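Visitor: This is the structure, below, for whatever I ask next.
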2 protein chains.
Amino acid sequence: MTTNIPDIVISRLPIYLRALDHLSQEGHEVTSSQELGRRLGISSAQIRKDLAWFGGFGKQGTGYRINYLKDQLRQVLKIEREWKVALVGAGDLGSAVARYGGFAERGFHITCVFDAAPEKIGKHLGKFIIQPLNELHASLQNNKIQIAMIAVPAEHAQSVADALIAGGVRAILNYAPINLNVPEDVHVQYIDPILHLQRMTYYLA
Amino acid sequence: MTTNIPDIVISRLPIYLRALDHLSQEGHEVTSSQELGRRLGISSAQIRKDLAWFGGFGKQGTGYRINYLKDQLRQVLKIEREWKVALVGAGDLGSAVARYGGFAERGFHITCVFDAAPEKIGKHLGKFIIQPLNELHASLQNNKIQIAMIAVPAEHAQSVADALIAGGVRAILNYAPINLNVPEDVHVQYIDPILHLQRMTYYLA
DNA sequence: ATCGAATTGTGTTACGTTTCACAATCTGCG
DNA sequence: CGCAGATTGTGAAACGTAACACAATTCGAT
């Protein structure tokens, strides 16, 4: 199967999964594309089309068994397994990220933390020991790390990204407010709250 | 001019603006759609089309004067002014948000901080005093606040959003991992790093 | 056993977005 | 001055995405 599934479809699957989790918690065992759509503000047709890329997960007349659908989506997204994650930057933002328990809870385990500042090296950040950047390459490779988060100042983000990629990282979550240039086979996602705010003010009076 | 500009166009303007800031800092005075596009991984045609929605900011043969274009974009996005922002939730995440200086730097001034926990009320968070939720409505209206950030647990996010909207908020930046149902005239943006990570694992081996 | 209400999966149509391609214009230089 | 090179703004074409609409199926009620 060489079908090329649109990235925009992939981007919605985690959202469906999140909604399915909530439905589970509320005691539901079965749901429908309509119910999901109502909750998410997405048309039921789109949800069905999205899921159809990966197979027929539902039953006509009945809908979708929530637990089954969750398992299937987790497999599609490859999050039924655990992932190791490197964190670069142990400043305010990096520290907050390292202390946040939500990543490990969801199977993303921070395994290494790096920082450039000599005075921080060797100190603990949560349960991690901060390593110097010159150990980055070796640590990434020893731990076979494919995912990294960047929480350094914008001016250093590109060189950090280059080093991460050289060390084998293929997915980057970038908290630095700058666009990264990366090879085609490397995936980058951006988190910049300012961008979101600036996008909304346009619509305000 | 009742032209309805696509939201996807609006969403790119802050990105252009960020890149223009970097170009300024590097000493450039003029740029072109090509140069911008190269930096951002966006086609030059798209950048020109996007900007053309708002007028001819460039000069044929020459390109765009960076400072002029920045000013124009800031006006379009309504970020040439200062905005007051309310923050709900003073837990780990809320505290990190409150302490982060980047918002004020960009004209988004956190003005009120709210939390449900009685033991936090009246304490300082950075330079803000944490207020109880029952003061939310009055404080929003007194301060004419239109923008809010939600940093409470998922299960309380919807009711907080409802209260914010009742108090006059029209733009919400939601850090809680849940979809919010809001009226048509209210804008919501989401920040959930887990979603970004789960979206990238699909492409990893 | 049959009916009716609910719901999926999907071919088709409608809509939205991006890219192409080029005339128009600008600048600097000989 | 007049030309070469660069670059914008934009109509038209190509591409991508979402919505529509319905046959097929399921299930519970009678």
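In the structure tokens, each chain is lettered A, B, ... as it comes, each chain's residues begin at 1, and ligands are numbered from 1 in order of appearance.
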Just want the 7 Å neighbourhood of DT8 of chain D, counted on only C-alpha atoms (C1' of nucleotides), with same-chain residues fewer than 6 positions away dropped. Output as a list in words.
Guide: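 So, after excluding close chain neighbours, the residues are Gly58, Lys59, Gln60 and Gly61 of chain B.
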Visitor: DSSP says strand (DSSP E) for which residues of chain B? Put them as a PyMOL selection string?
Guide: chain B and resi 30-31+64-65+83-88+108-115+124-125+128-132+147-150+171-174+187-190
Visitor: Using only C-alpha atoms (C1' of nucleotides) and a distance of at most 10 Å, pull out the residues of chain A that contact chain D, as a list in words.
Guide: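 Only these qualify: Pro6, Ile8, Val9, Ser43, Ser44, Ala45, Gln46, Lys49, Lys59, Gln60, Gly61, Thr62 and Gly63 of chain A.
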Visitor: Contacts of segment 64-68 of chain A at 9 Å or less, counting only C-alpha atoms (C1' of nucleotides), minus same-chain residues fewer than 3 places along, as a list in words?
Guide: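 The contact residues come out as Leu20, Asp21, Leu23, Ser24, His28, Glu29, Val30, Thr31, Ser32, Ser33, Phe57, Gly58, Lys59, Gln60, Asp71, Gln72 and Leu73 of chain A.
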Visitor: Counting only C-alpha atoms (C1' of nucleotides), a student should be able to say which residues of chain C come within 7 Å of chain B; what is the right answer, written as a ChimeraX atom specification?
Guide: /C:18,25-26
Visitor: Could you give me, as a Markdown table, a per-residue list for chain B showing, wherever an atom lies at most 8 Å from an atom of chain A, the closest pair of atoms and their distance in Å to one decimal, using only C-alpha atoms and sorting by chain then residue number from low to high?
Guide:
```
| residue | atom | partner | partner_atom | distance |
| --- | --- | --- | --- | --- |
| B:Ile10 | CA | A:Arg199 | CA | 6.3 |
| B:Ser11 | CA | A:Arg199 | CA | 5.5 |
| B:Leu13 | CA | A:Arg199 | CA | 7.8 |
| B:Pro14 | CA | A:Leu195 | CA | 5.7 |
| B:Ile15 | CA | A:Leu195 | CA | 7.1 |
| B:Arg18 | CA | A:Ile178 | CA | 7.3 |
| B:Ala19 | CA | A:Ile178 | CA | 7.5 |
| B:Arg39 | CA | A:Asn181 | CA | 7.4 |
| B:Leu40 | CA | A:Asn179 | CA | 6.2 |
| B:Gly41 | CA | A:Asn181 | CA | 7.6 |
| B:Val76 | CA | A:Tyr202 | CA | 6.8 |
| B:Leu77 | CA | A:Tyr202 | CA | 4.4 |
| B:Lys78 | CA | A:Tyr202 | CA | 5.7 |
| B:Ile79 | CA | A:Gln198 | CA | 6.8 |
| B:Asp92 | CA | A:Ala96 | CA | 7.8 |
| B:Leu93 | CA | A:Ala96 | CA | 7.6 |
| B:Ala96 | CA | A:Ala96 | CA | 6.7 |
| B:Tyr100 | CA | A:Asp92 | CA | 7.9 |
| B:Phe103 | CA | A:Ile194 | CA | 6.8 |
| B:Arg106 | CA | A:Ile194 | CA | 7.6 |
| B:Gln146 | CA | A:Leu204 | CA | 7.9 |
| B:Arg170 | CA | A:Leu204 | CA | 7.2 |
| B:Ala171 | CA | A:Met200 | CA | 6.3 |
| B:Leu173 | CA | A:Leu197 | CA | 7.1 |
| B:Pro177 | CA | A:Arg18 | CA | 7.8 |
| B:Ile178 | CA | A:Arg18 | CA | 7.3 |
| B:Asn179 | CA | A:Leu40 | CA | 6.2 |
| B:Leu180 | CA | A:Leu40 | CA | 7.8 |
| B:Asn181 | CA | A:Arg39 | CA | 7.3 |
| B:His187 | CA | A:Met200 | CA | 6.5 |
| B:Val188 | CA | A:Met200 | CA | 7.8 |
| B:Gln189 | CA | A:His196 | CA | 6.2 |
| B:Ile191 | CA | A:Ile191 | CA | 7.3 |
| B:Pro193 | CA | A:Ile191 | CA | 7.4 |
| B:Ile194 | CA | A:Phe103 | CA | 6.9 |
| B:Leu195 | CA | A:Pro14 | CA | 5.7 |
| B:His196 | CA | A:Gln189 | CA | 6.2 |
| B:Leu197 | CA | A:Leu173 | CA | 7.1 |
| B:Gln198 | CA | A:Pro14 | CA | 6.3 |
| B:Arg199 | CA | A:Ser11 | CA | 5.5 |
| B:Met200 | CA | A:Ala171 | CA | 6.3 |
| B:Thr201 | CA | A:Lys78 | CA | 6.0 |
| B:Tyr202 | CA | A:Leu77 | CA | 4.4 |
| B:Leu204 | CA | A:Arg170 | CA | 7.2 |
```
Visitor: As a PyMOL selection string, please: all residues of segment 158-200 of chain A that backbone DSSP puts in alpha helix (DSSP H).
Guide: chain A and resi 158-166+193-200
Visitor: Go ahead and write the residues just picked, N, CA and C atoms, as an mmCIF file, in the first residue's frame.
Guide:
```
data_model
loop_
_atom_site.group_PDB
_atom_site.id
_atom_site.type_symbol
_atom_site.label_atom_id
_atom_site.label_comp_id
_atom_site.auth_asym_id
_atom_site.auth_seq_id
_atom_site.Cartn_x
_atom_site.Cartn_y
_atom_site.Cartn_z
ATOM 1 N N GLN A 158 18.372 27.284 15.018
ATOM 2 C CA GLN A 158 18.746 26.618 13.774
ATOM 3 C C GLN A 158 19.978 25.732 13.956
ATOM 4 N N SER A 159 20.976 26.221 14.677
ATOM 5 C CA SER A 159 22.187 25.398 14.827
ATOM 6 C C SER A 159 21.903 24.184 15.711
ATOM 7 N N VAL A 160 21.049 24.356 16.708
ATOM 8 C CA VAL A 160 20.645 23.204 17.513
ATOM 9 C C VAL A 160 19.920 22.181 16.644
ATOM 10 N N ALA A 161 19.024 22.674 15.801
ATOM 11 C CA ALA A 161 18.288 21.768 14.916
ATOM 12 C C ALA A 161 19.252 20.994 14.016
ATOM 13 N N ASP A 162 20.236 21.710 13.472
ATOM 14 C CA ASP A 162 21.211 21.040 12.606
ATOM 15 C C ASP A 162 21.926 19.922 13.362
ATOM 16 N N ALA A 163 22.325 20.227 14.596
ATOM 17 C CA ALA A 163 23.029 19.222 15.390
ATOM 18 C C ALA A 163 22.124 18.032 15.697
ATOM 19 N N LEU A 164 20.884 18.309 16.026
ATOM 20 C CA LEU A 164 19.939 17.231 16.317
ATOM 21 C C LEU A 164 19.780 16.323 15.110
ATOM 22 N N ILE A 165 19.621 16.932 13.947
ATOM 23 C CA ILE A 165 19.404 16.161 12.733
ATOM 24 C C ILE A 165 20.648 15.330 12.417
ATOM 25 N N ALA A 166 21.819 15.935 12.601
ATOM 26 C CA ALA A 166 23.061 15.178 12.389
ATOM 27 C C ALA A 166 23.121 13.984 13.329
ATOM 28 N N PRO A 193 2.884 30.712 21.052
ATOM 29 C CA PRO A 193 1.598 31.276 21.455
ATOM 30 C C PRO A 193 1.362 32.671 20.887
ATOM 31 N N ILE A 194 2.441 33.440 20.716
ATOM 32 C CA ILE A 194 2.289 34.790 20.167
ATOM 33 C C ILE A 194 1.628 34.751 18.786
ATOM 34 N N LEU A 195 2.055 33.804 17.974
ATOM 35 C CA LEU A 195 1.460 33.649 16.649
ATOM 36 C C LEU A 195 -0.044 33.437 16.731
ATOM 37 N N HIS A 196 -0.454 32.620 17.686
ATOM 38 C CA HIS A 196 -1.890 32.351 17.832
ATOM 39 C C HIS A 196 -2.642 33.604 18.244
ATOM 40 N N LEU A 197 -2.051 34.355 19.176
ATOM 41 C CA LEU A 197 -2.715 35.578 19.632
ATOM 42 C C LEU A 197 -2.822 36.589 18.494
ATOM 43 N N GLN A 198 -1.726 36.746 17.759
ATOM 44 C CA GLN A 198 -1.712 37.735 16.673
ATOM 45 C C GLN A 198 -2.701 37.363 15.575
ATOM 46 N N ARG A 199 -2.952 36.084 15.448
ATOM 47 C CA ARG A 199 -3.892 35.625 14.451
ATOM 48 C C ARG A 199 -5.331 35.955 14.855
ATOM 49 N N MET A 200 -5.571 36.012 16.161
ATOM 50 C CA MET A 200 -6.940 36.263 16.620
ATOM 51 C C MET A 200 -7.265 37.745 16.691
#
```
